[in-house]
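Listing of data-v7.cif, mmCIF, C-alpha atoms
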```cif
data_coords
loop_
_atom_site.label_atom_id
_atom_site.label_comp_id
_atom_site.auth_asym_id
_atom_site.auth_seq_id
_atom_site.Cartn_x
_atom_site.Cartn_y
_atom_site.Cartn_z
CA ARG W 1 -2.74 -3.61 17.62
CA VAL W 2 -3.49 -6.75 15.61
CA ASP W 3 -6.75 -8.53 16.48
CA GLY W 4 -6.62 -12.03 15.01
CA LEU W 5 -10.08 -12.81 16.32
CA SER W 6 -12.01 -10.19 14.42
CA PRO W 7 -15.77 -10.66 14.77
CA ALA W 8 -16.11 -10.68 10.97
CA ASN W 9 -14.40 -14.05 10.60
CA THR W 10 -11.35 -15.89 11.86
CA TYR W 11 -9.17 -15.01 8.91
CA THR W 12 -9.66 -11.24 8.93
CA GLN W 13 -7.17 -9.28 11.01
CA ALA W 14 -8.41 -6.01 12.51
CA LEU W 15 -5.60 -3.46 12.77
CA LYS W 16 -5.35 -0.28 14.83
CA ALA W 17 -2.35 2.01 15.35
CA TYR W 18 -1.72 4.57 18.11
CA GLU W 19 0.81 7.22 18.97
CA ILE W 20 1.02 5.69 22.46
CA MET W 21 -0.33 2.35 23.70
CA THR W 22 -1.24 2.01 27.36
CA ASP W 23 -1.76 -1.77 27.27
CA ILE W 24 -2.25 -4.57 24.75
CA ASP W 25 -5.72 -3.32 23.74
CA ASN W 26 -5.80 0.44 24.29
CA GLY W 27 -3.95 3.60 23.44
CA SER W 28 -4.19 7.29 22.58
CA GLY W 29 -3.65 9.21 19.37
CA MET W 30 -5.26 6.67 17.08
CA PHE W 31 -4.36 6.62 13.41
CA GLY W 32 -7.48 7.46 11.39
CA SER W 33 -10.97 7.14 12.84
CA PRO W 34 -11.27 6.29 16.56
CA VAL W 35 -14.13 3.89 15.81
CA THR W 36 -12.90 2.08 12.70
CA SER W 37 -10.38 -0.73 12.38
CA GLN W 38 -8.42 -1.41 9.22
CA ASP W 39 -9.33 -4.96 8.26
CA ILE W 40 -7.12 -7.15 6.09
CA TRP W 41 -7.35 -10.72 4.89
CA THR W 42 -4.55 -13.10 5.83
CA SER W 43 -6.35 -16.07 4.26
CA SER W 44 -9.31 -16.67 1.96
CA ALA W 45 -10.75 -19.26 4.38
CA ALA W 46 -10.70 -20.07 8.08
CA GLY W 47 -8.04 -22.60 9.10
CA THR W 48 -4.33 -23.08 9.61
CA THR W 49 -3.30 -23.36 5.96
CA SER W 50 0.02 -21.64 5.30
CA ARG W 51 0.02 -18.74 2.86
CA PRO W 52 3.03 -17.26 1.03
CA TRP W 53 4.10 -13.82 2.18
CA VAL W 54 6.88 -11.25 1.78
CA LEU W 55 8.04 -8.70 4.34
CA ILE W 56 10.32 -5.83 3.25
CA ALA W 57 11.49 -3.26 5.79
CA ASP W 58 14.01 -0.68 6.87
CA ASP W 59 14.46 0.52 10.46
CA ARG W 60 11.42 2.84 10.27
CA ALA W 61 8.72 1.10 8.23
CA PHE W 62 7.67 -2.15 6.59
CA TYR W 63 5.62 -3.54 3.70
CA LEU W 64 3.84 -6.88 4.13
CA PHE W 65 2.28 -8.80 1.23
CA ILE W 66 0.18 -11.96 1.75
CA TRP W 67 -1.13 -14.13 -1.07
CA HIS W 68 -4.21 -15.18 0.85
CA SER W 69 -5.79 -17.65 -1.59
CA ILE W 70 -2.86 -19.93 -2.52
CA THR W 71 -0.35 -22.15 -0.72
CA ALA W 72 2.73 -22.18 -2.98
CA VAL W 73 5.12 -19.43 -3.99
CA PRO W 74 3.07 -17.20 -6.29
CA THR W 75 3.70 -17.19 -10.02
CA ASN W 76 2.83 -14.53 -12.57
CA ALA W 77 -0.78 -15.71 -12.58
CA ASN W 78 -3.50 -13.33 -11.45
CA TYR W 79 -3.50 -13.90 -7.71
CA ASP W 80 -5.00 -11.43 -5.27
CA VAL W 81 -2.66 -10.20 -2.57
CA THR W 82 -3.19 -8.36 0.70
CA GLY W 83 -0.99 -5.29 1.08
CA LEU W 84 -0.02 -3.57 4.33
CA PHE W 85 2.30 -0.66 5.13
CA PHE W 86 3.12 0.69 8.57
CA GLY W 87 5.73 3.23 9.62
CA ASP W 88 7.29 6.54 8.69
CA ILE W 89 6.58 7.94 5.24
CA ILE W 90 8.76 10.47 3.36
CA PRO W 91 7.23 13.79 4.49
CA ARG W 92 6.97 16.93 2.39
CA LEU W 93 8.15 18.97 5.38
CA ASP W 94 10.99 18.02 7.71
CA SER W 95 8.95 19.60 10.52
CA ASP W 96 6.12 17.05 10.09
CA ALA W 97 6.50 15.10 13.35
CA TYR W 98 3.47 12.85 12.70
CA ALA W 99 4.31 11.58 9.21
CA ALA W 100 3.60 7.94 10.04
CA ALA W 101 0.84 5.89 8.44
CA LEU W 102 -1.06 2.61 8.62
CA CYS W 103 -2.11 1.73 5.06
CA ALA W 104 -3.87 -1.34 3.66
CA SER W 105 -6.30 -2.69 1.14
CA ASN W 106 -9.46 -3.67 2.96
CA SER W 107 -11.02 -7.09 3.34
CA ASN W 108 -13.46 -7.08 0.45
CA GLN W 109 -11.50 -5.54 -2.38
CA TYR W 110 -7.93 -5.69 -3.58
CA TYR W 111 -7.05 -2.26 -4.84
CA ILE W 112 -3.54 -2.81 -3.55
CA TRP W 113 -1.66 0.46 -3.63
CA GLY W 114 -4.26 1.68 -6.12
CA SER W 115 -4.76 5.40 -6.18
CA HIS W 116 -7.27 8.12 -6.84
CA THR W 117 -6.81 9.92 -10.14
CA THR W 118 -6.51 13.55 -9.10
CA ALA W 119 -5.26 15.66 -6.25
CA GLY W 120 -8.52 17.60 -6.10
CA SER W 121 -11.00 14.80 -5.48
CA GLY W 122 -11.28 11.97 -2.99
CA ASN W 123 -9.21 13.95 -0.53
CA LEU W 124 -10.75 12.12 2.45
CA VAL W 125 -11.75 8.50 2.67
CA PRO W 126 -15.12 8.33 4.43
CA ASN W 127 -14.88 4.58 5.02
CA VAL W 128 -12.31 1.92 4.33
CA SER W 129 -14.63 -0.06 2.07
CA THR W 130 -15.31 2.80 -0.33
CA ALA W 131 -14.04 1.86 -3.79
CA PRO W 132 -11.60 2.45 -5.29
CA PHE W 133 -9.56 3.65 -2.37
CA PHE W 134 -6.56 2.19 -0.65
CA ALA W 135 -6.90 3.61 2.85
CA CYS W 136 -4.01 5.42 4.54
CA HIS W 137 -4.48 6.37 8.20
CA PHE W 138 -2.44 9.11 9.93
CA PRO W 139 -2.52 10.05 13.65
CA ARG W 140 -2.55 13.79 12.96
CA ARG W 141 -2.40 16.24 10.10
CA GLU W 142 0.78 17.88 8.88
CA ASN W 143 0.36 20.87 11.24
CA ALA W 144 0.14 18.47 14.23
CA ALA W 145 -3.55 19.21 14.79
CA THR W 146 -4.95 16.42 16.96
CA GLY W 147 -7.37 13.89 15.51
CA GLY W 148 -6.63 11.08 13.10
CA VAL W 149 -7.25 11.41 9.38
CA THR W 150 -7.69 8.82 6.63
CA VAL W 151 -6.75 9.73 3.06
CA PRO W 152 -6.33 7.87 -0.23
CA LEU W 153 -3.15 7.42 -2.14
CA ILE W 154 -3.15 9.83 -5.10
CA HIS W 155 -1.94 9.24 -8.64
CA GLY W 156 1.63 10.44 -9.11
CA GLY W 157 3.35 11.47 -12.30
CA GLY W 158 3.46 9.19 -15.31
CA PRO W 159 0.72 7.34 -17.21
CA TYR W 160 -0.99 4.20 -15.93
CA PRO W 161 -4.60 3.14 -15.20
CA ASN W 162 -5.87 4.72 -12.00
CA ASN W 163 -6.02 1.63 -9.79
CA SER W 164 -3.79 -0.76 -11.66
CA PRO W 165 -0.18 0.45 -11.85
CA GLY W 166 1.99 -1.60 -14.16
CA ALA W 167 -1.10 -3.10 -15.77
CA ALA W 168 -1.26 -4.81 -19.14
CA THR W 169 -3.17 -1.84 -20.54
CA ASN W 170 -0.34 0.63 -19.99
CA VAL W 171 0.84 2.39 -23.11
CA ILE W 172 4.63 2.75 -22.70
CA ALA W 173 6.40 -0.36 -23.94
CA TYR W 174 9.44 -1.56 -21.99
CA SER W 175 12.53 -3.63 -22.70
CA ALA W 176 15.87 -3.92 -20.95
CA ASN W 177 17.27 -1.30 -23.33
CA ASP W 178 14.53 1.25 -22.65
CA PRO W 179 14.32 3.84 -19.85
CA LEU W 180 12.40 2.66 -16.80
CA VAL W 181 9.62 5.21 -16.21
CA LEU W 182 8.41 5.24 -12.59
CA SER W 183 5.68 7.14 -10.76
CA MET W 184 5.71 8.11 -7.08
CA PRO W 185 2.14 8.12 -5.71
CA TYR W 186 1.55 10.53 -2.85
CA PHE W 187 -0.68 11.29 0.15
CA SER W 188 -2.85 14.35 0.56
CA ASN W 189 -3.04 16.19 3.88
CA GLY W 190 -6.77 15.58 4.15
CA ALA W 191 -7.81 18.41 1.82
CA ALA W 192 -7.98 18.92 -1.93
CA TYR W 193 -4.78 19.85 -3.78
CA THR W 194 -2.51 19.20 -0.79
CA LEU W 195 0.63 17.09 -0.46
CA ARG W 196 1.67 15.30 2.75
CA GLY W 197 4.38 13.01 1.45
CA TRP W 198 5.26 9.74 -0.28
CA PHE W 199 5.74 6.07 0.50
CA PRO W 200 9.39 5.25 1.16
CA GLY W 201 10.87 3.20 -1.65
CA LEU W 202 7.62 2.33 -3.44
CA TYR W 203 7.10 3.02 -7.14
CA PHE W 204 4.47 2.44 -9.80
CA PRO W 205 5.97 1.37 -13.15
CA CYS W 206 4.43 3.11 -16.15
CA HIS W 207 4.82 0.04 -18.36
CA PRO W 208 2.72 -3.09 -19.04
CA LEU W 209 3.87 -5.67 -16.44
CA PRO W 210 7.58 -5.03 -16.90
CA PHE W 211 8.87 -7.53 -14.32
CA GLU W 212 8.01 -11.02 -13.11
CA GLN W 213 6.77 -12.01 -9.67
CA TRP W 214 9.44 -11.75 -6.93
CA ALA W 215 12.04 -10.75 -9.51
CA THR W 216 14.93 -8.43 -8.67
CA ALA W 217 15.19 -5.74 -11.31
CA VAL W 218 18.42 -3.75 -11.68
CA LYS W 219 18.32 -0.55 -13.69
CA ASP W 220 20.78 2.37 -13.78
CA GLY W 221 22.53 1.14 -10.65
CA ARG W 222 19.30 0.80 -8.65
CA SER W 223 17.65 -2.44 -7.52
CA PHE W 224 13.92 -3.13 -7.14
CA PHE W 225 11.83 -6.05 -5.91
CA SER W 226 8.83 -6.83 -8.11
CA ILE W 227 5.37 -7.59 -6.68
CA ARG W 228 2.66 -8.81 -9.08
CA ASN W 229 -0.99 -8.94 -8.09
CA SER W 230 -4.46 -8.55 -9.56
CA ILE W 231 -7.16 -5.94 -9.26
CA TYR W 232 -10.34 -7.76 -8.32
CA VAL W 233 -12.72 -6.31 -10.86
CA SER W 234 -14.31 -7.71 -13.99
CA PRO W 235 -12.25 -8.44 -15.96
CA ILE W 236 -9.39 -9.16 -13.52
CA ILE W 237 -6.47 -6.84 -14.26
CA PRO W 238 -2.91 -7.96 -13.46
CA THR W 239 -0.67 -5.23 -12.03
CA ASN W 240 2.93 -4.64 -10.98
CA ILE W 241 4.57 -2.49 -8.29
CA LEU W 242 8.23 -2.07 -7.35
CA ILE W 243 9.88 -1.78 -3.92
CA SER W 244 13.38 -0.32 -3.82
CA LEU W 245 16.14 -2.56 -2.44
CA ASP W 246 18.38 0.47 -1.86
CA ASP W 247 18.23 3.10 0.89
CA TRP W 248 14.60 4.28 1.05
CA ARG W 249 15.51 7.60 2.66
CA ALA W 250 18.69 8.66 0.87
#
```

Using structure tokens, write down the structure from this file.
Amino acid sequence: RVDGLSPANTYTQALKAYEIMTDIDNGSGMFGSPVTSQDIWTSSAAGTTSRPWVLIADDRAFYLFIWHSITAVPTNANYDVTGLFFGDIIPRLDSDAYAAALCASNSNQYYIWGSHTTAGSGNLVPNVSTAPFFACHFPRRENAATGGVTVPLIHGGGPYPNNSPGAATNVIAYSANDPLVLSMPYFSNGAAYTLRGWFPGLYFPCHPLPFEQWATAVKDGRSFFSIRNSIYVSPIIPTNILISLDDWRA
């Protein structure tokens, strides 16, 4: 459910997801908390100004990126971007029948796809505005126990700053002749030291800004789409993530 008339302001969309919807406003089996919406910014100001966006999907999930403060195709400058994922993740267990998530950066910070450092802390997100989390809402836990749960994305393998993958401060240099080192961030199951699964086709590069904005990178027979954004802290940190252009579930 997308509410484009959120009471916060006219340019914040309030999102809710359900296992089953009974009408345009209501449903059962809500993803995450039954009382909390996932807010995202589609624009930095009220109005009808067009904003650049990118939608990447397969038949089971999508990623949506919106550059909410500019009007032209984004460059490699440090522009904030709203990030949204909805659909089936890659589950740890084939038996996980509820491995679907609604994930987004919230309306007042831009830790897009940023992650918590360790598997043993931050295992539950108490509230979508709690820094430095990127909130991921599930309708049930891995064992199908009823009741939604909201967890952070957790740091995968490979070195990069906790909430700024592909940032300029990364330590592994990269050129076209070097190996491309990628990290796969993962979800907990709502408890410390647990693993629920991974985003389909999303990777954190372990290099300092290896690819330009909206570039297609080809490496070892695999293709990736590059998204550049900034982490809204002081100082602003530019970051880079990659979305696979091949089969996400092969």

Q: Could you give me, as a count of residues only, the residues within 6 Å of stretch 50-61 of chain W, counting all atoms listed in the file and dropping anything in the same chain fewer than 5 positions from it?
A: 8

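Across the structure, atom CA of W:Leu15 and atom CA of W:Gln38 are spaced 5.0 Å apart.
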
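Applied to the file shown here, the PyMOL selection byres ((chain W and resi 170-184) around 6) selects the residues Gly156, Gly157, Gly158, Tyr160, Ala167, Ala168, Thr169, Pro185, Tyr203, Phe204, Pro205, Cys206, His207 and Pro208 of chain W.
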
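Among W:Ser28, W:Ser105, W:Asn189, W:Ser37, the residue with the shortest atom-to-atom distance to W:Phe65, counting all atoms listed in the file, is W:Ser105.
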
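The result of the PyMOL selection byres ((chain W and resi 215) around 12) on the shown file is Pro74, Thr75, Asn76, Leu209, Pro210, Phe211, Glu212, Gln213, Trp214, Thr216, Ala217, Val218, Ser223, Phe224, Phe225, Ser226, Ile227, Arg228, Asn240, Ile241, Leu242, Ile243, Ser244 and Leu245 of chain W.
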
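Here the selection is built from all atoms listed in the file, and the residues within 8 Å of (5.2, 5.6, -0.6) turn out to be Ile89, Ile90, Met184, Pro185, Tyr186, Gly197, Trp198, Phe199, Pro200, Gly201, Leu202 and Tyr203 of chain W.
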
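With distances restricted to all atoms listed in the file, W:Ala97 is the closest residue to W:Arg140 from W:Ala97, W:Cys103, W:Ile154, W:Ala45.
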
Q. Which neighbours of W:Glu19 fall inside 7 Å, counting only C-alpha atoms, when residues of the same chain fewer than 2 positions from it are skipped, and could you give them as a list in words?
A. Met21, Ser28, Gly29, Met30 and Pro139 of chain W

Next, dump the selected residues to file, keeping only C-alpha atoms, as a PDB file, keeping the file's coordinate frame.
```pdb
ATOM      1  CA  MET W  21      -0.330   2.350  23.700  1.00  0.00           C
ATOM      2  CA  SER W  28      -4.190   7.290  22.580  1.00  0.00           C
ATOM      3  CA  GLY W  29      -3.650   9.210  19.370  1.00  0.00           C
ATOM      4  CA  MET W  30      -5.260   6.670  17.080  1.00  0.00           C
ATOM      5  CA  PRO W 139      -2.520  10.050  13.650  1.00  0.00           C
TER       6      PRO W 139
END
```

Q: Would you mind telling me which residue in W:Ser44, W:Thr36, W:Tyr18, W:Asn163 lies nearest to W:Ala101 when using only C-alpha atoms?
A: W:Tyr18

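The nearest approach to W:Ser43 among the residues W:Val81, W:Phe62, W:Ala17, W:Asn143, with all atoms listed in the file taken into account, belongs to W:Val81.
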
Q: Could you list the residues chosen by the PyMOL selection byres ((chain W and resi 2) around 8) in this structure as a PyMOL selection string?
A: chain W and resi 1+3-4+13-16

Keeping only C-alpha atoms, write those residues as a PDB file, in the coordinates of the input.
```
ATOM      1  CA  ARG W   1      -2.740  -3.610  17.620  1.00  0.00           C
ATOM      2  CA  ASP W   3      -6.750  -8.530  16.480  1.00  0.00           C
ATOM      3  CA  GLY W   4      -6.620 -12.030  15.010  1.00  0.00           C
ATOM      4  CA  GLN W  13      -7.170  -9.280  11.010  1.00  0.00           C
ATOM      5  CA  ALA W  14      -8.410  -6.010  12.510  1.00  0.00           C
ATOM      6  CA  LEU W  15      -5.600  -3.460  12.770  1.00  0.00           C
ATOM      7  CA  LYS W  16      -5.350  -0.280  14.830  1.00  0.00           C
TER       8      LYS W  16
END
```
